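Novice: Once you've had a glance at the structure underneath, I'll fire off some questions.
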Amino acid sequence: MSSNSKRRIETDVMKLLMSDHDVELVEDKMQEFHIKFHGPKDTPYEKGVWRLHVELPDNYPYKSPSIGFVNKIFHPNIDAASGSICLDVINSTWSPLYDLLNIVEWMIPGLLKEPNGSDPLNNEAATLQLKDKDMYEQKIHEYINKYATKEKYIQQFGKWNSSDDTDDEDEDADMDESDDEQAHDDNDSMELSDIEVSDDDD
Amino acid sequence: MSTLLETLDQQWVNSRLYVDKDERRTQLGKCVEEVHDFKIQLKKLKAHLLKHGSSPQKRLVIREKLAKSHKNWDSSMKKSLNSSISTYRKFSKACVKPLNEFQLDSVYVNKINPQKLYYLDTAIFSHIARYYTNMAVGTTSDEMLKYLHSTYRIPRSIAMDYIEMANIVKEMRSGNLNTCIRWCQDNNLEVLHFQLHYLNAMSLLSENKPMECYLYIQTNLASTVSKSSQLRMARPVSALLAKIVIGDTIPASKVDAYLETCVECFTKQYCLQNKLPLHSALFLVVLSGVIGFQVFTKYEAIRKVSHVDWSTADELPFHVKLPPFLSNYHPIFICPVLKEETTKENPPYSLPCHHVLSKKSLDKLSKNGTCNFKCPYCPVMSTKVKTKRVSFMKLP
């Protein structure tokens, strides 16, 4: 691996980490790691969480990284058994301008949002997607419940050391303001006539 | 400095670096108001007591009222105290704690070379001279120089740069524009020259001296306005003349605001003419550090949990996004493929489609010139022989 490739890989991984992605290096090598991936919002995959396996070739970024889903996902372009992804931008039309953050933040979410039924790796998913939307989504949820919930993820991969669910414990619930409503309106029990007082000190 | 901070706050961070004066209502301020109200209430009750003290029924009412308003006041004070304490805790947790725990040296490993500390001193001296010379004690230049030297040990050579500027600004603020006007004439600065005369005319009108204002315009502004190249300056003057005709005046606040505009323009021009930086380098560097601080702490936290290497010397492992006025001093070109800055050894080259890459990435893509390759941007096919070396230049 050339020094330029090494530097480029370090830059990419660092960018992932700095953008709050959970990256776990395999044997502390920078060329192989796992990334925690949350299903994109407003898709049937929304509630799921998957682990991506990423391996960078020696001549990265000239050659594309190989990426696969570790836990199972139901998707026309992802092989259910091996988890390999069929996506042109990380295969034939890869450009060295892309980086890992692009892959994780827009290429894979894009694929989950818009599957490409004409070039399937999972025929069952492709057929259902075209013919029976309800059944298709049901199947996706079924897979999530079986393989990709938070519990299943922890069961299978152990750690969940991510920053995305550290709810700030706000100890100071704002005290309700209701009881000072009557603080200043005590003049209505008008038994005392108003007396003018100057507000300067005596 | 402060104007920079304000634009920064408005456009860049929404973190309320500067709170609007009218909006500022602190817990303390609220307490003061409430104590005041309570005091008034007590006085009222006292007056009632003096007037109706003989009637036991009224005394009872007064006592009840006293107890009630005391209770309200007391609970409101406690509430304010609690809310202050919680705000303070939040601040400690979010700002003070990370600041104390943070070891800058472990993130920023590029140490300042002791031989270059001299530059740091210079930056500090220039900073003080740039912003605080107008506060120097003394009226003559020599007295001011002496003051700056004895108080801050600013060398004469640095202080000298700013003394004339500080003196002129001081004079402008006191209402005397003559030195500044002369300075503009000496340096052929037509626009500023015009603005200063315009300012004089404005203040004459605001003092309700329309005739003097008219004569002033005639002697000092007419020649400039009549030049065809300066036509755009005729507009404000005609507005002023119209005000004279209809017997209108100008509010003093408008004159003051325009004075500040002139001071700002003059400062800019003075720095430009004397080749001085408009903003102190020290201030800009510290500001960049403040903006970057959150990224530094984040990096530090990440490094503690994951074992990632960063093997590049003299470069931070992350990008700190800065506003343009902080980042456009030394433009660099970063190769989009290698994601690193181009150098003399690895210069930028342009492809036939005009996309620019570094030499090393071109060597890789073309397998040292042995084959055709696709441009990473627009996939047009290209060869290494068709590429051209690029040199960047800064347009004025």
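Please note that chains go A, B, ... in the order of the structure tokens, that every chain numbers its residues from 1, and that ligands are numbered from 1 in the order shown.
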Give me, as number ranges by chain, the residues of chain A touching chain B, with the criterion being at most 6 Å (counting only C-alpha atoms).

Specialist: A: 8, 95-97, 183

Novice: Can you spit out the residues from that selection as a short mmCIF file (atom, residue, chain, number, x, y, z; two decimals), in the first residue's frame, using C-alpha atoms?

Specialist:
data_model
loop_
_atom_site.label_atom_id
_atom_site.label_comp_id
_atom_site.auth_asym_id
_atom_site.auth_seq_id
_atom_site.Cartn_x
_atom_site.Cartn_y
_atom_site.Cartn_z
CA ARG A 8 -6.41 8.63 1.95
CA SER A 95 -14.86 7.14 -9.18
CA PRO A 96 -11.90 7.84 -6.90
CA LEU A 97 -13.61 11.09 -5.93
CA ALA A 183 -48.52 36.80 42.18
#

Novice: In stretch 89-123 of chain A, what's helix (DSSP H, G or I) per DSSP? Answer as a list in words?

Specialist: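 Output for stretch 89-123 of chain A, helix (DSSP H, G or I) only: Val89, Ile90, Leu100, Leu101, Asn102, Ile103, Val104, Glu105, Trp106, Met107, Ile108, Pro109, Gly110, Leu111, Leu112, Lys113 and Asn123 of chain A.
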
Novice: Take atom CA of B:Ala159 and atom CA of B:Leu276 and report the distance between them in Å, one decimal.

Specialist: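 Result for atom CA of B:Ala159 versus atom CA of B:Leu276: 11.9 Å, one decimal.
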
Novice: If we count only C-alpha atoms, what is near stretch 196-201 of chain B at a cut-off of 7 Å, once residues fewer than 6 positions away on the same chain are taken out, given as a ChimeraX atom specification?

Specialist: /B:177,181,213,216-217,220-221,255,258-259,262

Novice: Save out the residues we just selected, N, CA, C and O atoms, as a short mmCIF file (atom, residue, chain, number, x, y, z; two decimals), in the first residue's frame.

Specialist:
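The result, written out as out36.cif:
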data_model
loop_
_atom_site.label_atom_id
_atom_site.label_comp_id
_atom_site.auth_asym_id
_atom_site.auth_seq_id
_atom_site.Cartn_x
_atom_site.Cartn_y
_atom_site.Cartn_z
N LEU B 177 -12.92 66.76 11.07
CA LEU B 177 -12.55 65.87 9.98
C LEU B 177 -11.37 66.39 9.17
O LEU B 177 -10.97 65.77 8.19
N ILE B 181 -9.49 64.63 6.06
CA ILE B 181 -9.70 65.14 4.69
C ILE B 181 -8.35 65.39 4.02
O ILE B 181 -8.13 65.00 2.87
N CYS B 213 -25.06 74.71 5.32
CA CYS B 213 -24.99 73.40 4.67
C CYS B 213 -24.98 73.58 3.15
O CYS B 213 -24.18 72.98 2.46
N TYR B 216 -21.72 74.95 2.02
CA TYR B 216 -20.68 73.91 2.15
C TYR B 216 -20.75 72.94 0.97
O TYR B 216 -19.73 72.59 0.39
N ILE B 217 -21.97 72.55 0.63
CA ILE B 217 -22.14 71.65 -0.51
C ILE B 217 -21.59 72.30 -1.77
O ILE B 217 -20.87 71.67 -2.55
N ASN B 220 -17.63 72.47 -1.50
CA ASN B 220 -16.84 71.25 -1.33
C ASN B 220 -17.32 70.03 -2.09
O ASN B 220 -16.53 69.14 -2.39
N LEU B 221 -18.62 69.98 -2.38
CA LEU B 221 -19.12 68.76 -3.02
C LEU B 221 -19.44 68.94 -4.49
O LEU B 221 -19.39 67.99 -5.26
N VAL B 255 -26.36 61.00 11.58
CA VAL B 255 -25.02 61.57 11.39
C VAL B 255 -23.99 60.67 12.08
O VAL B 255 -22.94 60.35 11.51
N TYR B 258 -23.37 57.57 10.15
CA TYR B 258 -22.56 57.82 8.97
C TYR B 258 -21.10 58.06 9.36
O TYR B 258 -20.19 57.66 8.64
N LEU B 259 -20.90 58.69 10.52
CA LEU B 259 -19.54 58.90 11.00
C LEU B 259 -18.85 57.54 11.20
O LEU B 259 -17.69 57.36 10.79
N CYS B 262 -17.75 56.19 8.01
CA CYS B 262 -16.55 56.88 7.53
C CYS B 262 -15.32 56.38 8.27
O CYS B 262 -14.27 56.16 7.67
#

Novice: Might you pull out every residue within 7 Å of A:Pro115, with only C-alpha atoms counted and same-chain residues fewer than 3 positions away left off, and present them as a VMD selection string?

Specialist: chain A and resid 76 to 77 111 to 112

Novice: Could you save the residues just selected, with N, CA, C and O atoms, as a PDB file, in the first residue's frame?

Specialist:
ATOM      1  N   PRO A  76     -34.158  -6.091  -3.129  1.00  0.00           N
ATOM      2  CA  PRO A  76     -33.941  -6.668  -4.472  1.00  0.00           C
ATOM      3  C   PRO A  76     -32.481  -6.715  -4.912  1.00  0.00           C
ATOM      4  O   PRO A  76     -32.085  -7.635  -5.639  1.00  0.00           O
ATOM      5  N   ASN A  77     -31.677  -5.747  -4.496  1.00  0.00           N
ATOM      6  CA  ASN A  77     -30.303  -5.701  -5.012  1.00  0.00           C
ATOM      7  C   ASN A  77     -29.260  -6.161  -4.005  1.00  0.00           C
ATOM      8  O   ASN A  77     -28.072  -5.922  -4.179  1.00  0.00           O
ATOM      9  N   LEU A 111     -29.926   3.433  -2.362  1.00  0.00           N
ATOM     10  CA  LEU A 111     -30.303   2.107  -2.870  1.00  0.00           C
ATOM     11  C   LEU A 111     -31.498   1.564  -2.081  1.00  0.00           C
ATOM     12  O   LEU A 111     -32.398   0.953  -2.656  1.00  0.00           O
ATOM     13  N   LEU A 112     -31.511   1.800  -0.766  1.00  0.00           N
ATOM     14  CA  LEU A 112     -32.625   1.308   0.036  1.00  0.00           C
ATOM     15  C   LEU A 112     -33.899   2.083  -0.274  1.00  0.00           C
ATOM     16  O   LEU A 112     -34.990   1.552  -0.200  1.00  0.00           O
TER      17      LEU A 112
END

Novice: Would you mind reading off the distance between atom CA of B:Thr387 and atom CA of B:Ser350, one decimal, in Å?

Specialist: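 For atom CA of B:Thr387 relative to atom CA of B:Ser350, the distance reads 5.4 Å.
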
Novice: Considering only C-alpha atoms, return as a count of residues only whatever protein or nucleic-acid residues lie within 12 Å of A:Gln156, sequence-local ones (same chain, fewer than 2 positions apart) excluded.

Specialist: 18

Novice: Would you mind listing what lies within 12 Å of B:Pro331 as a PyMOL selection string, with only C-alpha atoms counted and same-chain residues fewer than 4 positions away left out?

Specialist: chain B and resi 324-327+341-342+392-395

Novice: Figure out the distance between atom CA of B:Glu190 and atom CA of B:Pro210, please, to one decimal in Å.

Specialist: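 Rounded to one decimal, the two atoms are 25.0 Å apart.
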
Novice: Which of stretch 163-363 of chain B counts as strand (DSSP E or B) under DSSP, as an MDAnalysis selection string please?

Specialist: chainID B and resid 334 341 348:350 356:358

Novice: With N, CA, C and O atoms retained, write the just-selected residues as a PDB file, in the first residue's frame.

Specialist:
ATOM      1  N   ILE B 334      -6.679  21.241  -2.976  1.00  0.00           N
ATOM      2  CA  ILE B 334      -6.642  19.878  -2.465  1.00  0.00           C
ATOM      3  C   ILE B 334      -7.021  18.938  -3.588  1.00  0.00           C
ATOM      4  O   ILE B 334      -8.071  19.091  -4.213  1.00  0.00           O
ATOM      5  N   GLU B 341      -3.298  18.296   0.011  1.00  0.00           N
ATOM      6  CA  GLU B 341      -2.890  19.529  -0.630  1.00  0.00           C
ATOM      7  C   GLU B 341      -1.832  19.240  -1.690  1.00  0.00           C
ATOM      8  O   GLU B 341      -0.937  18.427  -1.487  1.00  0.00           O
ATOM      9  N   PRO B 348      -0.584  20.313  -9.325  1.00  0.00           N
ATOM     10  CA  PRO B 348      -1.867  20.060 -10.001  1.00  0.00           C
ATOM     11  C   PRO B 348      -1.732  20.043 -11.530  1.00  0.00           C
ATOM     12  O   PRO B 348      -0.932  20.784 -12.094  1.00  0.00           O
ATOM     13  N   TYR B 349      -2.500  19.182 -12.174  1.00  0.00           N
ATOM     14  CA  TYR B 349      -2.544  19.101 -13.633  1.00  0.00           C
ATOM     15  C   TYR B 349      -3.985  19.162 -14.102  1.00  0.00           C
ATOM     16  O   TYR B 349      -4.885  18.695 -13.397  1.00  0.00           O
ATOM     17  N   SER B 350      -4.177  19.730 -15.272  1.00  0.00           N
ATOM     18  CA  SER B 350      -5.544  19.764 -15.773  1.00  0.00           C
ATOM     19  C   SER B 350      -5.714  18.770 -16.925  1.00  0.00           C
ATOM     20  O   SER B 350      -4.830  18.591 -17.749  1.00  0.00           O
ATOM     21  N   VAL B 356      -9.192  19.318 -12.645  1.00  0.00           N
ATOM     22  CA  VAL B 356      -7.824  19.376 -12.134  1.00  0.00           C
ATOM     23  C   VAL B 356      -7.564  18.292 -11.091  1.00  0.00           C
ATOM     24  O   VAL B 356      -8.366  18.109 -10.170  1.00  0.00           O
ATOM     25  N   LEU B 357      -6.446  17.583 -11.279  1.00  0.00           N
ATOM     26  CA  LEU B 357      -6.039  16.536 -10.342  1.00  0.00           C
ATOM     27  C   LEU B 357      -4.555  16.710 -10.034  1.00  0.00           C
ATOM     28  O   LEU B 357      -3.859  17.435 -10.721  1.00  0.00           O
ATOM     29  N   SER B 358      -4.079  16.011  -9.012  1.00  0.00           N
ATOM     30  CA  SER B 358      -2.652  16.100  -8.726  1.00  0.00           C
ATOM     31  C   SER B 358      -1.877  15.102  -9.582  1.00  0.00           C
ATOM     32  O   SER B 358      -2.428  14.136 -10.095  1.00  0.00           O
TER      33      SER B 358
END

Novice: When you count only C-alpha atoms, which of these residues is closest to A:Pro65: A:Phe37, A:Ile9, A:Asp42, A:Pro109?

Specialist: A:Ile9
